[in-house]
Amino acid sequence: MHIYIIGRHLEPAVSIADPLLEQGRQWVQKGHQVTVLTGSSGCGMDLGRKKIGLLQIDGMTVIVFNMPLVDKVGSLRLRFAYLRFSAMLEKQGQMLPKPGLIIAVMPPPEIARAVLKLKDKYDVPLILEFREALPDFNSAESNILVKLINRFVRRSEEKALEEAEQIVAASDDIAFSLKGRLSDQGKARVNVIGKDLDERQLFEAYERVFRATKNK
């Protein structure tokens, strides 16, 4: 199977492996093809004026978008950076070989639209992994542009939650907040994979989600 792993801040080149990317390495060893799509800020890669870079790491193809890190959380500049990443992701993803499965890490929720576009184009299952609770957009926000962005992002986010075959939460608290936004039937799709699991436990937990998705 060809698997896309998508995340704005994945760090495939660091010595302490991201748990999802470590799972990607395991999938490669089992004969699957893994393509990672992420931003340059987590790769230690200076792309200069290039929009996209390409790496091969432990058998995984890593497509790196030139997206400098924006530190000011909640700023309008940060929101536009995430929307730009989403647009680049959607465009590049549609030029790649067809996947059999898409796994996307959220937040940022701005990537939901691109993830849904790729899911619909290729007609494949989607797994969403939430490492933080989704932001609670302030309905009292006075800036009209921010209101429009929030409405656009929230609509895509809600659709992604409903259309995902499986949902992974990094903690019980995150799982609880996600279940509060799903129908009773959708709540069964939420799986908790905590950060305190050892390598074997992580592998087994991801494999259960992987198998549940393939068996749908």
# chains A, B, ... in the order shown; residues from 1 in each chain; ligands from 1

$ residues_around --residues "Met1 in chain A" --least-positions-apart "4" --cutoff "8 Å" --atoms "only C-alpha atoms" --output "PyMOL selection string"
chain A and resi 31-33+99-101

$ write_last_selection --atoms "C-alpha atoms" --output "PDB file, in the first residue's frame"
ATOM      1  CA  GLY A  31       6.727  -3.613   2.112  1.00  0.00           C
ATOM      2  CA  HIS A  32       4.511  -0.512   2.066  1.00  0.00           C
ATOM      3  CA  GLN A  33       5.443   2.723   0.266  1.00  0.00           C
ATOM      4  CA  PRO A  99      -2.147   6.507  -2.202  1.00  0.00           C
ATOM      5  CA  GLY A 100      -4.173   3.751  -0.593  1.00  0.00           C
ATOM      6  CA  LEU A 101      -4.403   5.612   2.719  1.00  0.00           C
TER       7      LEU A 101
END

$ select_by_dssp --residues "range 149-206 of chain A" --states "alpha helix (DSSP H)" --output "VMD selection string"
chain A and resid 149 to 163 172 to 179 184 to 187 199 to 206

$ write_last_selection --atoms "C-alpha atoms" --output "mmCIF file, in the first residue's frame"
data_model
loop_
_atom_site.group_PDB
_atom_site.id
_atom_site.type_symbol
_atom_site.label_atom_id
_atom_site.label_comp_id
_atom_site.auth_asym_id
_atom_site.auth_seq_id
_atom_site.Cartn_x
_atom_site.Cartn_y
_atom_site.Cartn_z
ATOM 1 C CA ILE A 149 -11.032 32.488 7.941
ATOM 2 C CA ASN A 150 -12.440 30.914 11.118
ATOM 3 C CA ARG A 151 -15.721 30.055 9.416
ATOM 4 C CA PHE A 152 -13.926 28.554 6.401
ATOM 5 C CA VAL A 153 -11.532 26.523 8.559
ATOM 6 C CA ARG A 154 -14.202 25.308 10.986
ATOM 7 C CA ARG A 155 -16.413 24.053 8.153
ATOM 8 C CA SER A 156 -13.540 22.009 6.663
ATOM 9 C CA GLU A 157 -12.505 20.791 10.100
ATOM 10 C CA GLU A 158 -15.998 19.503 10.924
ATOM 11 C CA LYS A 159 -16.260 17.731 7.575
ATOM 12 C CA ALA A 160 -12.862 16.093 8.062
ATOM 13 C CA LEU A 161 -13.903 14.803 11.488
ATOM 14 C CA GLU A 162 -17.050 13.263 10.049
ATOM 15 C CA GLU A 163 -15.348 11.721 7.005
ATOM 16 C CA ASP A 172 -7.796 11.140 26.959
ATOM 17 C CA ASP A 173 -8.584 14.861 27.265
ATOM 18 C CA ILE A 174 -8.151 15.406 23.529
ATOM 19 C CA ALA A 175 -10.260 12.310 22.807
ATOM 20 C CA PHE A 176 -13.008 13.629 25.104
ATOM 21 C CA SER A 177 -13.085 17.009 23.320
ATOM 22 C CA LEU A 178 -13.247 15.303 19.916
ATOM 23 C CA LYS A 179 -16.027 12.934 20.953
ATOM 24 C CA ASP A 184 -22.709 8.739 18.823
ATOM 25 C CA GLN A 185 -21.735 6.502 15.932
ATOM 26 C CA GLY A 186 -18.622 8.594 15.186
ATOM 27 C CA LYS A 187 -17.317 8.433 18.754
ATOM 28 C CA GLU A 199 8.133 1.426 20.987
ATOM 29 C CA ARG A 200 6.370 -1.944 21.001
ATOM 30 C CA GLN A 201 3.157 -0.497 22.448
ATOM 31 C CA LEU A 202 3.157 2.336 19.902
ATOM 32 C CA PHE A 203 3.610 -0.116 17.053
ATOM 33 C CA GLU A 204 0.746 -2.305 18.288
ATOM 34 C CA ALA A 205 -1.551 0.692 18.829
ATOM 35 C CA TYR A 206 -0.950 2.103 15.340
#

$ select_by_dssp --residues "range 60-143 of chain A" --states "strand (DSSP E or B)" --output "list in words"
Met60, Thr61, Val62, Ile63, Val64, Phe65, Leu101, Ile102, Ile103, Ala104, Val105, Met106, Leu126, Ile127, Leu128, Glu129 and Phe130 of chain A

$ residues_around --residues "range 3-9 of chain A" --least-positions-apart "4" --cutoff "8 Å" --atoms "only C-alpha atoms" --output "compact mmCIF listing (two decimals) with C-alpha atoms, in the first residue's frame"
# COMPACT_ATOMS: atom_id res chain seq x y z
CA LEU A 21 7.17 8.54 11.32
CA GLY A 24 6.11 4.82 8.76
CA HIS A 32 4.51 -0.51 2.07
CA GLN A 33 5.44 2.72 0.27
CA VAL A 34 5.38 5.83 2.49
CA THR A 35 5.36 9.45 1.31
CA VAL A 36 5.70 12.16 3.96
CA LEU A 37 4.55 15.72 3.24
CA THR A 38 5.69 18.35 5.74
CA GLY A 39 7.12 21.85 6.25
CA SER A 41 10.87 24.21 9.65
CA GLY A 42 10.95 20.71 11.11
CA PHE A 85 0.88 25.26 3.45
CA PRO A 99 -2.15 6.51 -2.20
CA GLY A 100 -4.17 3.75 -0.59
CA LEU A 101 -4.40 5.61 2.72
CA ILE A 102 -3.94 9.18 3.99
CA ILE A 103 -2.86 9.96 7.56
CA ALA A 104 -2.94 13.63 8.55
CA VAL A 105 -1.72 15.25 11.77
CA MET A 106 -3.74 18.13 13.23
CA PRO A 108 -3.29 23.09 12.40

$ closest_residue --among "A:Val190, A:Ile63, A:Ile57, A:Leu128" --to "Met95 in chain A" --atoms "only C-alpha atoms"
A:Ile63

$ decode --residues "range 101-151 of chain A" --atoms "C-alpha atoms" --output "PDB file, in the first residue's frame"
ATOM      1  CA  LEU A 101      -4.403   5.612   2.719  1.00  0.00           C
ATOM      2  CA  ILE A 102      -3.940   9.181   3.989  1.00  0.00           C
ATOM      3  CA  ILE A 103      -2.857   9.956   7.559  1.00  0.00           C
ATOM      4  CA  ALA A 104      -2.941  13.630   8.549  1.00  0.00           C
ATOM      5  CA  VAL A 105      -1.719  15.255  11.772  1.00  0.00           C
ATOM      6  CA  MET A 106      -3.739  18.126  13.229  1.00  0.00           C
ATOM      7  CA  PRO A 107      -3.591  20.901  14.313  1.00  0.00           C
ATOM      8  CA  PRO A 108      -3.290  23.094  12.398  1.00  0.00           C
ATOM      9  CA  PRO A 109      -6.923  22.746  11.320  1.00  0.00           C
ATOM     10  CA  GLU A 110      -6.162  24.841   8.238  1.00  0.00           C
ATOM     11  CA  ILE A 111      -4.900  21.701   6.468  1.00  0.00           C
ATOM     12  CA  ALA A 112      -8.305  20.010   6.668  1.00  0.00           C
ATOM     13  CA  ARG A 113      -9.470  21.335   3.296  1.00  0.00           C
ATOM     14  CA  ALA A 114      -6.398  20.030   1.445  1.00  0.00           C
ATOM     15  CA  VAL A 115      -6.634  16.662   3.179  1.00  0.00           C
ATOM     16  CA  LEU A 116     -10.285  16.332   2.198  1.00  0.00           C
ATOM     17  CA  LYS A 117      -9.519  17.294  -1.411  1.00  0.00           C
ATOM     18  CA  LEU A 118      -6.882  14.559  -1.620  1.00  0.00           C
ATOM     19  CA  LYS A 119      -9.169  12.017   0.054  1.00  0.00           C
ATOM     20  CA  ASP A 120     -11.945  12.811  -2.442  1.00  0.00           C
ATOM     21  CA  LYS A 121      -9.636  12.854  -5.467  1.00  0.00           C
ATOM     22  CA  TYR A 122      -8.126   9.469  -4.707  1.00  0.00           C
ATOM     23  CA  ASP A 123     -11.216   8.003  -2.981  1.00  0.00           C
ATOM     24  CA  VAL A 124      -9.172   6.506  -0.135  1.00  0.00           C
ATOM     25  CA  PRO A 125      -9.573   6.167   3.657  1.00  0.00           C
ATOM     26  CA  LEU A 126      -8.446   8.993   5.952  1.00  0.00           C
ATOM     27  CA  ILE A 127      -6.956   8.766   9.450  1.00  0.00           C
ATOM     28  CA  LEU A 128      -6.733  11.998  11.462  1.00  0.00           C
ATOM     29  CA  GLU A 129      -4.242  12.242  14.316  1.00  0.00           C
ATOM     30  CA  PHE A 130      -4.740  15.005  16.903  1.00  0.00           C
ATOM     31  CA  ARG A 131      -1.728  15.869  19.051  1.00  0.00           C
ATOM     32  CA  GLU A 132      -3.395  18.908  20.597  1.00  0.00           C
ATOM     33  CA  ALA A 133      -6.975  19.983  21.123  1.00  0.00           C
ATOM     34  CA  LEU A 134      -8.337  21.947  18.191  1.00  0.00           C
ATOM     35  CA  PRO A 135      -8.427  25.711  18.789  1.00  0.00           C
ATOM     36  CA  ASP A 136     -11.689  27.182  20.014  1.00  0.00           C
ATOM     37  CA  PHE A 137     -12.244  29.970  17.511  1.00  0.00           C
ATOM     38  CA  ASN A 138     -13.551  33.068  19.249  1.00  0.00           C
ATOM     39  CA  SER A 139     -17.018  33.868  17.909  1.00  0.00           C
ATOM     40  CA  ALA A 140     -16.677  37.380  19.382  1.00  0.00           C
ATOM     41  CA  GLU A 141     -13.691  38.131  17.128  1.00  0.00           C
ATOM     42  CA  SER A 142     -14.121  41.649  15.730  1.00  0.00           C
ATOM     43  CA  ASN A 143     -11.794  41.331  12.728  1.00  0.00           C
ATOM     44  CA  ILE A 144     -13.970  40.491   9.703  1.00  0.00           C
ATOM     45  CA  LEU A 145     -11.127  38.758   7.847  1.00  0.00           C
ATOM     46  CA  VAL A 146     -10.360  36.553  10.842  1.00  0.00           C
ATOM     47  CA  LYS A 147     -14.071  35.719  11.176  1.00  0.00           C
ATOM     48  CA  LEU A 148     -14.182  34.604   7.537  1.00  0.00           C
ATOM     49  CA  ILE A 149     -11.032  32.488   7.941  1.00  0.00           C
ATOM     50  CA  ASN A 150     -12.440  30.914  11.118  1.00  0.00           C
ATOM     51  CA  ARG A 151     -15.721  30.055   9.416  1.00  0.00           C
TER      52      ARG A 151
END
